[in-house]
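Participant: Got a structure for you, work.tsv, holding TSV, C-alpha atoms and all ligand atoms.
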chain	number	residue	atom	x	y	z
A	1	MET	CA	-51.87	-140.23	-46.49
A	2	ILE	CA	-52.03	-140.15	-42.70
A	3	ASN	CA	-53.27	-136.84	-41.33
A	4	ALA	CA	-52.13	-136.97	-37.71
A	5	LYS	CA	-53.88	-133.69	-36.90
A	6	PHE	CA	-57.18	-135.49	-36.55
A	7	MET	CA	-57.78	-138.21	-34.01
A	8	ILE	CA	-61.18	-138.95	-35.55
A	9	GLU	CA	-62.23	-137.85	-39.01
A	10	VAL	CA	-65.75	-138.68	-40.19
A	11	ASN	CA	-66.90	-138.06	-43.74
A	12	ASP	CA	-70.37	-138.60	-45.21
A	13	LEU	CA	-71.21	-141.21	-42.59
A	14	SER	CA	-74.67	-142.74	-42.91
A	15	PHE	CA	-76.26	-145.45	-40.81
A	16	ALA	CA	-79.71	-147.04	-40.55
A	17	TYR	CA	-81.25	-149.79	-38.42
A	18	LYS	CA	-83.17	-151.66	-41.15
A	19	SER	CA	-85.35	-148.89	-42.62
A	20	GLN	CA	-84.88	-146.44	-39.72
A	21	LYS	CA	-82.37	-143.82	-40.84
A	22	ILE	CA	-80.29	-142.68	-37.86
A	23	ILE	CA	-77.38	-140.73	-39.35
A	24	SER	CA	-77.24	-139.20	-42.79
A	25	LYS	CA	-74.05	-137.98	-44.47
A	26	VAL	CA	-72.55	-136.72	-41.22
A	27	CYS	CA	-69.11	-135.06	-41.35
A	28	PHE	CA	-66.96	-133.93	-38.41
A	29	SER	CA	-63.46	-134.13	-37.06
A	30	ILE	CA	-61.99	-134.37	-33.58
A	31	GLU	CA	-58.43	-133.29	-32.95
A	32	LYS	CA	-55.99	-134.80	-30.49
A	33	GLY	CA	-56.71	-133.37	-27.05
A	34	ASP	CA	-60.23	-132.24	-27.95
A	35	PHE	CA	-63.04	-132.59	-25.43
A	36	PHE	CA	-65.91	-133.33	-27.77
A	37	CYS	CA	-69.39	-133.22	-26.23
A	38	LEU	CA	-72.16	-134.96	-28.13
A	39	ILE	CA	-75.66	-133.83	-27.25
A	40	GLY	CA	-79.14	-134.20	-28.73
A	41	PRO	CA	-82.67	-135.25	-27.82
A	42	ASN	CA	-83.47	-138.83	-26.70
A	43	GLY	CA	-83.39	-141.38	-29.49
A	44	THR	CA	-81.56	-139.23	-32.05
A	45	GLY	CA	-78.68	-141.69	-32.33
A	46	LYS	CA	-75.90	-140.50	-30.01
A	47	SER	CA	-75.24	-143.97	-28.58
A	48	THR	CA	-75.46	-145.41	-32.08
A	49	LEU	CA	-72.88	-142.92	-33.37
A	50	ILE	CA	-70.38	-143.70	-30.63
A	51	LYS	CA	-70.89	-147.44	-31.03
A	52	ILE	CA	-69.98	-146.94	-34.70
A	53	LEU	CA	-66.90	-144.90	-33.72
A	54	CYS	CA	-65.53	-147.68	-31.56
A	55	GLY	CA	-66.26	-150.44	-34.06
A	56	PHE	CA	-69.22	-152.07	-32.24
A	57	LEU	CA	-71.58	-151.34	-35.15
A	58	PRO	CA	-70.53	-151.59	-38.81
A	59	TYR	CA	-71.20	-148.44	-40.82
A	60	GLN	CA	-72.88	-148.74	-44.15
A	61	GLU	CA	-71.75	-145.62	-45.97
A	62	GLY	CA	-68.99	-143.05	-45.62
A	63	SER	CA	-65.61	-143.04	-44.00
A	64	ILE	CA	-64.26	-142.96	-40.44
A	65	LYS	CA	-60.56	-142.49	-39.94
A	66	ILE	CA	-58.95	-142.98	-36.55
A	67	LYS	CA	-55.55	-141.30	-36.49
A	68	GLY	CA	-55.49	-141.34	-40.28
A	69	THR	CA	-56.43	-145.00	-40.83
A	70	GLU	CA	-59.85	-146.19	-41.97
A	71	LEU	CA	-61.58	-147.75	-38.95
A	72	LYS	CA	-62.51	-150.90	-40.88
A	73	LEU	CA	-58.81	-151.60	-41.46
A	74	LEU	CA	-57.74	-151.17	-37.83
A	75	LYS	CA	-59.22	-154.45	-36.53
A	76	GLU	CA	-57.71	-155.30	-33.09
A	77	ASN	CA	-55.46	-152.20	-33.25
A	78	LEU	CA	-58.60	-150.17	-32.68
A	79	LEU	CA	-58.53	-151.30	-29.03
A	80	ASN	CA	-55.21	-149.52	-28.58
A	81	LEU	CA	-56.69	-146.28	-29.83
A	82	VAL	CA	-60.26	-146.14	-28.58
A	83	GLY	CA	-61.84	-147.13	-25.26
A	84	ILE	CA	-65.54	-146.85	-24.50
A	85	LEU	CA	-67.74	-146.72	-21.44
A	86	PRO	CA	-71.19	-147.56	-22.88
A	87	ASP	CA	-74.47	-146.22	-21.52
A	88	ASN	CA	-75.74	-148.19	-18.49
A	89	PHE	CA	-72.61	-150.34	-18.47
A	90	SER	CA	-71.79	-152.07	-15.21
A	91	VAL	CA	-68.78	-154.19	-14.39
A	92	PRO	CA	-69.23	-157.60	-12.65
A	93	GLY	CA	-69.89	-157.00	-8.96
A	94	ASP	CA	-68.25	-160.17	-7.63
A	95	PHE	CA	-64.75	-159.12	-8.70
A	96	THR	CA	-62.57	-156.99	-6.50
A	97	VAL	CA	-61.26	-153.85	-8.22
A	98	TYR	CA	-57.83	-155.44	-8.63
A	99	GLU	CA	-59.28	-158.71	-9.98
A	100	LEU	CA	-61.35	-156.78	-12.52
A	101	PHE	CA	-58.33	-154.91	-13.88
A	102	MET	CA	-56.32	-158.17	-14.01
A	103	PHE	CA	-59.18	-159.92	-15.81
A	104	CYS	CA	-59.58	-157.11	-18.39
A	105	ALA	CA	-55.82	-156.88	-19.03
A	106	GLN	CA	-55.44	-160.65	-19.49
A	107	ALA	CA	-58.52	-160.80	-21.72
A	108	LEU	CA	-56.74	-158.25	-23.92
A	109	GLY	CA	-53.75	-160.57	-24.19
A	110	TYR	CA	-51.33	-159.12	-21.62
A	111	SER	CA	-49.11	-161.58	-19.73
A	112	THR	CA	-49.68	-161.96	-15.96
A	113	LEU	CA	-46.70	-159.72	-15.27
A	114	GLU	CA	-47.86	-157.03	-17.69
A	115	ALA	CA	-51.43	-157.29	-16.39
A	116	LYS	CA	-50.20	-156.73	-12.81
A	117	LYS	CA	-48.26	-153.66	-13.92
A	118	LYS	CA	-51.28	-152.28	-15.82
A	119	SER	CA	-53.60	-152.93	-12.86
A	120	GLU	CA	-51.25	-151.21	-10.40
A	121	GLN	CA	-50.91	-148.25	-12.76
A	122	LEU	CA	-54.68	-147.84	-13.01
A	123	ILE	CA	-55.11	-148.18	-9.24
A	124	ASN	CA	-52.58	-145.38	-8.70
A	125	THR	CA	-53.81	-143.11	-11.50
A	126	PHE	CA	-57.41	-143.41	-10.39
A	127	ASP	CA	-56.62	-143.16	-6.69
A	128	LEU	CA	-58.13	-146.57	-5.92
A	129	ASN	CA	-55.51	-147.89	-3.51
A	130	ALA	CA	-57.83	-147.87	-0.51
A	131	HIS	CA	-60.45	-149.83	-2.49
A	132	LYS	CA	-58.46	-152.26	-4.63
A	133	ASN	CA	-59.38	-155.33	-2.58
A	134	LYS	CA	-63.05	-154.44	-2.13
A	135	LEU	CA	-65.78	-156.21	-4.07
A	136	ILE	CA	-67.15	-153.94	-6.77
A	137	LYS	CA	-70.73	-154.62	-5.65
A	138	ASN	CA	-69.87	-153.08	-2.27
A	139	LEU	CA	-68.57	-149.79	-3.71
A	140	SER	CA	-70.62	-146.59	-3.82
A	141	SER	CA	-72.04	-145.65	-7.26
A	142	GLY	CA	-69.46	-142.87	-7.67
A	143	LEU	CA	-66.54	-145.18	-6.91
A	144	ARG	CA	-67.94	-147.89	-9.17
A	145	ARG	CA	-68.14	-145.35	-12.00
A	146	ARG	CA	-64.51	-144.44	-11.33
A	147	VAL	CA	-63.58	-148.12	-11.66
A	148	GLU	CA	-65.63	-148.43	-14.85
A	149	ILE	CA	-63.87	-145.44	-16.40
A	150	ALA	CA	-60.49	-146.79	-15.27
A	151	GLN	CA	-61.07	-150.15	-16.98
A	152	THR	CA	-61.71	-148.41	-20.34
A	153	LEU	CA	-58.10	-147.25	-20.08
A	154	ILE	CA	-56.52	-150.64	-19.52
A	155	ASN	CA	-54.96	-150.31	-22.99
A	156	ASP	CA	-53.90	-146.73	-22.37
A	157	CYS	CA	-56.01	-145.83	-25.40
A	158	GLU	CA	-55.78	-142.31	-26.84
A	159	VAL	CA	-59.51	-141.66	-27.23
A	160	VAL	CA	-61.93	-142.25	-24.37
A	161	ILE	CA	-65.62	-142.38	-25.28
A	162	LEU	CA	-68.04	-141.97	-22.38
A	163	ASP	CA	-71.81	-142.36	-22.76
A	164	GLU	CA	-73.55	-140.40	-19.99
A	165	PRO	CA	-70.89	-141.18	-17.37
A	166	THR	CA	-72.54	-139.10	-14.65
A	167	ASN	CA	-75.96	-140.66	-15.16
A	168	ALA	CA	-77.67	-141.55	-11.84
A	169	LEU	CA	-74.90	-140.08	-9.70
A	170	ASP	CA	-75.51	-137.53	-6.94
A	171	PRO	CA	-74.16	-133.97	-7.51
A	172	LYS	CA	-70.95	-134.56	-5.52
A	173	SER	CA	-70.14	-137.86	-7.28
A	174	SER	CA	-71.02	-136.28	-10.67
A	175	GLU	CA	-68.63	-133.43	-9.97
A	176	ASP	CA	-65.87	-135.89	-8.96
A	177	ILE	CA	-66.34	-137.91	-12.16
A	178	LYS	CA	-66.43	-134.74	-14.24
A	179	MET	CA	-63.14	-133.59	-12.67
A	180	LEU	CA	-61.61	-137.02	-13.25
A	181	ILE	CA	-62.50	-136.86	-16.94
A	182	LYS	CA	-61.23	-133.30	-17.18
A	183	THR	CA	-57.92	-134.46	-15.69
A	184	LEU	CA	-57.69	-137.28	-18.26
A	185	ASN	CA	-58.20	-134.67	-20.97
A	186	LEU	CA	-55.56	-132.36	-19.49
A	187	ARG	CA	-53.16	-135.33	-19.49
A	188	GLY	CA	-53.65	-135.64	-23.25
A	189	LYS	CA	-56.57	-138.02	-23.73
A	190	THR	CA	-59.05	-137.09	-26.42
A	191	ILE	CA	-62.53	-137.29	-24.92
A	192	VAL	CA	-65.89	-137.98	-26.57
A	193	TYR	CA	-68.56	-137.28	-23.98
A	194	VAL	CA	-72.28	-137.93	-24.43
A	195	THR	CA	-74.61	-136.16	-22.04
A	196	HIS	CA	-78.01	-134.59	-21.53
A	197	LEU	CA	-76.69	-132.34	-18.77
A	198	LEU	CA	-75.84	-129.27	-20.78
A	199	ASN	CA	-74.63	-127.14	-17.89
A	200	GLU	CA	-72.07	-129.72	-16.86
A	201	ILE	CA	-70.12	-129.36	-20.10
A	202	GLU	CA	-69.66	-125.56	-20.08
A	203	ASP	CA	-66.21	-125.72	-18.54
A	204	LEU	CA	-65.21	-128.93	-20.30
A	205	TYR	CA	-65.86	-128.82	-24.02
A	206	THR	CA	-63.62	-127.73	-26.86
A	207	LYS	CA	-66.22	-128.82	-29.44
A	208	VAL	CA	-69.93	-129.50	-29.22
A	209	GLY	CA	-71.85	-131.69	-31.67
A	210	ILE	CA	-75.64	-131.51	-31.65
A	211	LEU	CA	-77.26	-134.54	-33.26
A	212	TYR	CA	-80.72	-133.80	-34.57
A	213	ASN	CA	-82.76	-135.06	-37.53
A	214	SER	CA	-79.93	-137.42	-38.59
A	215	GLN	CA	-77.55	-134.46	-38.90
A	216	LEU	CA	-74.69	-133.37	-36.69
A	217	LYS	CA	-74.13	-129.64	-36.18
A	218	LEU	CA	-70.66	-128.95	-34.90
A	219	PHE	CA	-69.52	-125.89	-32.95
A	220	SER	CA	-66.09	-125.06	-31.63
A	221	LYS	CA	-65.58	-123.24	-28.36
A	222	ASP	CA	-64.18	-120.29	-30.34
A	223	GLU	CA	-67.45	-119.91	-32.24
A	224	LEU	CA	-69.45	-119.81	-29.03
A	225	ARG	CA	-67.15	-117.55	-27.05
A	226	SER	CA	-66.16	-114.10	-28.08
A	227	HIS	CA	-62.72	-112.66	-27.48
A	228	ASN	CA	-64.20	-109.28	-26.80
A	229	GLU	CA	-66.36	-108.68	-23.76
A	230	ASN	CA	-68.41	-106.07	-25.59
A	231	GLU	CA	-69.85	-108.61	-27.98
A	232	VAL	CA	-73.30	-109.84	-27.10
A	233	PHE	CA	-75.03	-112.99	-28.36
A	234	ILE	CA	-78.76	-112.45	-28.84
A	235	SER	CA	-81.03	-115.41	-29.41
A	236	PHE	CA	-84.39	-115.00	-31.19
A	237	SER	CA	-87.20	-117.56	-31.15
A	238	THR	CA	-88.97	-116.72	-34.40
A	239	GLN	CA	-88.28	-115.46	-37.92
A	240	GLU	CA	-90.49	-112.41	-37.29
A	241	ASP	CA	-88.55	-111.54	-34.14
A	242	LEU	CA	-85.24	-111.98	-35.91
A	243	LYS	CA	-86.38	-109.47	-38.53
A	244	ILE	CA	-87.52	-107.03	-35.83
A	245	GLY	CA	-84.16	-107.51	-34.09
A	246	ILE	CA	-82.14	-106.80	-37.23
A	247	GLU	CA	-84.13	-103.61	-37.92
A	248	PHE	CA	-83.73	-102.53	-34.29
A	249	LEU	CA	-79.96	-103.07	-34.21
A	250	THR	CA	-79.51	-101.31	-37.57
A	251	ALA	CA	-81.59	-98.33	-36.38
A	252	ASN	CA	-79.42	-98.13	-33.25
A	253	ASN	CA	-76.11	-98.35	-35.17
A	254	ILE	CA	-75.11	-101.67	-33.63
A	255	ASP	CA	-72.99	-103.79	-35.98
A	256	TYR	CA	-74.00	-107.44	-36.01
A	257	GLU	CA	-73.45	-110.81	-37.59
A	258	VAL	CA	-76.31	-113.29	-38.08
A	259	LYS	CA	-75.27	-116.77	-36.95
A	260	SER	CA	-77.23	-120.04	-37.17
A	261	PHE	CA	-80.58	-120.76	-35.47
A	262	GLY	CA	-81.79	-117.20	-34.91
A	263	ILE	CA	-78.65	-116.14	-33.11
A	264	ILE	CA	-77.08	-112.74	-33.70
A	265	LYS	CA	-73.67	-111.77	-32.47
A	266	THR	CA	-73.07	-108.06	-32.16
A	267	LYS	CA	-69.69	-107.05	-33.48
A	268	ASP	CA	-66.61	-106.06	-31.56
A	269	LYS	CA	-67.18	-102.42	-30.72
A	270	ASP	CA	-66.59	-100.12	-27.83
A	271	TYR	CA	-70.25	-99.35	-27.20
A	272	GLN	CA	-71.05	-95.86	-26.13
A	273	CYS	CA	-74.53	-96.96	-25.11
A	274	ASP	CA	-75.65	-99.34	-22.40
A	275	ILE	CA	-76.17	-102.41	-24.59
A	276	PHE	CA	-78.28	-104.22	-21.99
A	277	LYS	CA	-80.59	-101.24	-21.60
A	278	LEU	CA	-80.95	-101.25	-25.36
A	279	LEU	CA	-81.69	-104.98	-25.45
A	280	ASN	CA	-84.32	-104.51	-22.77
A	281	GLU	CA	-85.92	-102.02	-25.17
A	282	LEU	CA	-85.73	-104.67	-27.89
A	283	ASN	CA	-87.54	-107.11	-25.62
A	284	LYS	CA	-90.50	-104.71	-25.47
A	285	ILE	CA	-91.07	-104.93	-29.23
A	286	VAL	CA	-90.48	-108.63	-29.99
A	287	ASN	CA	-93.20	-111.28	-29.68
A	288	LYS	CA	-91.15	-113.62	-27.50
A	289	PRO	CA	-88.39	-112.34	-25.21
A	290	VAL	CA	-84.89	-112.67	-26.59
A	291	THR	CA	-82.13	-114.14	-24.46
A	292	PHE	CA	-78.80	-112.38	-24.48
A	293	SER	CA	-75.42	-112.97	-22.98
A	294	LEU	CA	-72.20	-111.04	-22.90
A	295	GLY	CA	-69.09	-112.54	-24.44
A	296	LYS	CA	-70.41	-116.08	-24.96
A	297	ILE	CA	-73.42	-118.15	-25.75
A	298	ASP	CA	-73.94	-121.10	-23.47
A	299	VAL	CA	-74.56	-124.56	-24.87
A	300	ALA	CA	-78.06	-124.82	-23.36
A	301	THR	CA	-79.16	-121.62	-25.18
A	302	LEU	CA	-77.58	-122.80	-28.42
A	303	TYR	CA	-79.30	-126.18	-28.09
A	304	ASN	CA	-82.71	-124.65	-27.38
A	305	SER	CA	-82.30	-122.28	-30.33
A	306	LEU	CA	-81.45	-125.18	-32.63
A	307	LEU	CA	-84.54	-127.13	-31.55
A	308	ILE	CA	-86.79	-124.10	-32.07
A	309	TRP	CA	-85.28	-123.20	-35.44
A	310	GLU	CA	-85.21	-126.75	-36.78
A	311	LYS	CA	-88.97	-126.74	-36.17
A	312	GLY	CA	-89.30	-123.69	-38.41
A	313	GLY	CA	-88.64	-120.70	-36.14
A	314	LYS	CA	-92.25	-119.62	-36.31
A	315	SER	CA	-94.34	-118.04	-33.59
A	316	ASN	CA	-97.30	-120.11	-32.44
B	401	LIG	N1	-80.02	-152.32	-31.90
B	401	LIG	C1	-80.99	-151.55	-32.37
B	401	LIG	N2	-81.84	-152.01	-33.32
B	401	LIG	C2	-82.81	-151.23	-33.82
B	401	LIG	N3	-83.04	-149.95	-33.43
B	401	LIG	C3	-82.23	-149.44	-32.49
B	401	LIG	C4	-81.16	-150.21	-31.90
B	401	LIG	N4	-80.53	-149.42	-30.99
B	401	LIG	C5	-81.16	-148.24	-31.00
B	401	LIG	N5	-82.18	-148.24	-31.89
B	401	LIG	C6	-83.07	-147.11	-32.21
B	401	LIG	O1	-82.27	-146.11	-32.84
B	401	LIG	C7	-82.65	-144.80	-32.40
B	401	LIG	C8	-81.42	-144.11	-31.81
B	401	LIG	O2	-81.08	-144.78	-30.59
B	401	LIG	P1	-79.84	-144.33	-29.71
B	401	LIG	O3	-79.85	-145.17	-28.48
B	401	LIG	O4	-78.63	-144.32	-30.54
B	401	LIG	O5	-80.25	-142.82	-29.38
B	401	LIG	P2	-79.67	-141.83	-28.25
B	401	LIG	O6	-79.60	-140.49	-28.89
B	401	LIG	O7	-78.42	-142.38	-27.69
B	401	LIG	O8	-80.84	-141.88	-27.19
B	401	LIG	P3	-80.82	-141.52	-25.61
B	401	LIG	O9	-80.51	-140.05	-25.52
B	401	LIG	O10	-82.20	-141.82	-25.18
B	401	LIG	O11	-79.79	-142.37	-24.95
B	401	LIG	C9	-83.79	-145.00	-31.42
B	401	LIG	O12	-85.00	-144.83	-32.13
B	401	LIG	C10	-83.64	-146.45	-30.96
B	401	LIG	O13	-84.88	-146.99	-30.62
Mind turning this structure into structure tokens?
Ligand SMILES: Nc1ncnc2c1ncn2[C@@H]1O[C@H](COP(=O)(O)OP(=O)(O)OP(=O)(O)O)[C@@H](O)[C@H]1O
Facilitator:
Amino acid sequence: MINAKFMIEVNDLSFAYKSQKIISKVCFSIEKGDFFCLIGPNGTGKSTLIKILCGFLPYQEGSIKIKGTELKLLKENLLNLVGILPDNFSVPGDFTVYELFMFCAQALGYSTLEAKKKSEQLINTFDLNAHKNKLIKNLSSGLRRRVEIAQTLINDCEVVILDEPTNALDPKSSEDIKMLIKTLNLRGKTIVYVTHLLNEIEDLYTKVGILYNSQLKLFSKDELRSHNENEVFISFSTQEDLKIGIEFLTANNIDYEVKSFGIIKTKDKDYQCDIFKLLNELNKIVNKPVTFSLGKIDVATLYNSLLIWEKGGKSN
């Protein structure tokens, strides 16, 4: 039965390059309109995972459904659903922008008339009118990236997968590309975004997946942001400190909830005390300083906590 709620639904996915296990029994789902950020240390398999999602690499075990249909059964229809900008991808420099779009559209089987229409649409959507007759090799890196993202959408696909799209761009160009992708998302595209720049995703993501040790840990924005400003996320680096923290909060009548990776969220409460003053007191008795934030935990803190806790959460 087709479950249209999910754009991508992955169940028990495993993948290995020969004997090197990359992904093991990974499960996650991405809904239509989600902005899914995939993060994780170098070499953990992020690029591999997205190549599997767009059909470049065959998966060995498990199931991937795109809009309710098993990926293996989609064949050429997959191109209408999923577009990808791979890591370090560059389009041929000797084409003009317009020629590139025409070439891509015709390679996908569109007639000359349809290809012209598609190319004009992309040029307008991506604000490339002033550059459409320029050779790609003469464009700035930021503009070239804009063209590369545009050509992934030649099919007007519903899911856009981008592997480190701001890589090697200066801050201004990165910001422009980030805003462009945000706009695509606001216009209804489902985005899968791989990055190492954790701060850049704070105002973008609806879901974050952290790939580590062949596993994917998934967090929704709701889990990482509290609806009540009084709630504080406290992040501990070691098991001993977590224990000290729990005793301290209990002794001070602060309700709490223990989350994953040494993170505690204090519970919705109208605190009569100055919670930050209290947490400064806590920092005097733990072995390693805790980090705390009001109302939300940022992705960088979550990521660091995961790395520490996956290594055992022990003081050294
Ligand atoms: N075609 C391949 N054949 C064999 N091994 C590969 C192949 N491609 C990647 N690998 C290995 O698989 C592992 C995961 O690589 P992958 O590029 O997916 O990781 P990544 O998380 O995207 O890394 P990075 O953050 O550095 O881009 C690495 O150890 C890499 O060397």
Participant: Could you list the protein, DNA and RNA residues that have any atom within 12 Å of ligand LIG 401 (chain B), counting all atoms listed in the file, and write them as a PyMOL selection string?
Facilitator: chain A and resi 15-23+38-52+56-58+86-88+162-165+167+193-197+210-216
Participant: Write out as an mmCIF file with C-alpha atoms, in the frame of the given file the residues lying within 12 Å of Glu70 of chain A, counting only C-alpha atoms and excluding same-chain residues fewer than 6 positions away.
Facilitator:
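Output file around-v1.cif follows:
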data_model
loop_
_atom_site.group_PDB
_atom_site.id
_atom_site.type_symbol
_atom_site.label_atom_id
_atom_site.label_comp_id
_atom_site.auth_asym_id
_atom_site.auth_seq_id
_atom_site.Cartn_x
_atom_site.Cartn_y
_atom_site.Cartn_z
ATOM 1 C CA MET A 1 -51.870 -140.230 -46.490
ATOM 2 C CA ILE A 2 -52.030 -140.150 -42.700
ATOM 3 C CA ASN A 3 -53.270 -136.840 -41.330
ATOM 4 C CA MET A 7 -57.780 -138.210 -34.010
ATOM 5 C CA ILE A 8 -61.180 -138.950 -35.550
ATOM 6 C CA GLU A 9 -62.230 -137.850 -39.010
ATOM 7 C CA VAL A 10 -65.750 -138.680 -40.190
ATOM 8 C CA ASN A 11 -66.900 -138.060 -43.740
ATOM 9 C CA LEU A 53 -66.900 -144.900 -33.720
ATOM 10 C CA CYS A 54 -65.530 -147.680 -31.560
ATOM 11 C CA GLY A 55 -66.260 -150.440 -34.060
ATOM 12 C CA TYR A 59 -71.200 -148.440 -40.820
ATOM 13 C CA GLY A 62 -68.990 -143.050 -45.620
ATOM 14 C CA SER A 63 -65.610 -143.040 -44.000
ATOM 15 C CA ILE A 64 -64.260 -142.960 -40.440
ATOM 16 C CA ASN A 77 -55.460 -152.200 -33.250
ATOM 17 C CA LEU A 78 -58.600 -150.170 -32.680
#
Participant: Could you list as a ChimeraX atom specification every residue that has an atom within 10 Å of (-67.1, -146.6, -14.2), using the file's coordinates and counting all atoms listed in the file?
Facilitator: /A:85-86,88-91,141-152,162,165-166,177
Participant: Suppose you want the space between atom CA of Tyr98 of chain A and atom CA of Gly33 of chain A; what is it in Å?
Facilitator: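 Atom CA of Gly33 of chain A lies at a distance of 28.8 Å from atom CA of Tyr98 of chain A.
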Participant: Just give me the gap between atom CA of Thr238 of chain A and atom CA of Ile264 of chain A in Å, one decimal is fine.
Facilitator: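 Result for atom CA of Thr238 of chain A versus atom CA of Ile264 of chain A: 12.6 Å, one decimal.
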Participant: Give me, please, the distance in Å between atom CA of Ala115 of chain A and atom CA of Lys178 of chain A, quoted to one decimal.
Facilitator: 27.2 Å
Participant: Using all atoms listed in the file and a cutoff of 7 Å, can you tell me which residues are near (-73.4, -115.0, -30.3) in the file's coordinates, and write them out as an NGL selection string?
Facilitator: :A and (224 or 232-234 or 263-265 or 296-297)
Participant: Hey, which of A:Ile244, A:Val160, A:Leu153, A:Ile136 ends up closest to Pro289 of chain A? Count all atoms listed in the file.
Facilitator: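 The closest residue to Pro289 of chain A is A:Ile244.
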Participant: What's around Gly295 of chain A at 9 Å? Count all atoms listed in the file, leave out sequence neighbours fewer than 4 positions away in its own chain, and write the answer as a list of chain:residue names.
Facilitator: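 Here the qualifying residues turn out to be A:Leu224, A:Arg225, A:Ser226, A:His227, A:Asn228, A:Glu229, A:Asn230, A:Glu231, A:Val232, A:Phe233.
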Participant: Would you mind telling me which residue in A:Asp34, A:Asp170, A:Glu61, A:Glu200 lies nearest to Val299 of chain A when using only C-alpha atoms?
Facilitator: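 Ranking A:Asp34, A:Asp170, A:Glu61, A:Glu200 by distance to Val299 of chain A, first place goes to A:Glu200.
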Participant: Could you check the closest approach to Glu158 of chain A for each of A:Lys288, A:Lys67, A:Lys72, A:Lys172 and tell me which residue wins, using only C-alpha atoms?
Facilitator: A:Lys67
Participant: With only C-alpha atoms as the basis for distance, which of A:Ser174, A:Asp12, A:Lys243, A:Cys37 is at the shortest distance from Lys25 of chain A?
Facilitator: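 When distances to Lys25 of chain A are compared using only C-alpha atoms, the smallest one comes from A:Asp12.
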Participant: Taking into account only C-alpha atoms, which residue in the set A:Ala130, A:Leu218, A:Phe292, A:Leu306 is nearest to Thr96 of chain A?
Facilitator: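 Looking only at the distances to Thr96 of chain A, the closest residue turns out to be A:Ala130.
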Participant: Calculated over all atoms listed in the file, which of the candidates A:Ala105, A:Ala168, A:Leu180, A:Ile246 has the smallest distance to Ser119 of chain A?
Facilitator: A:Ala105
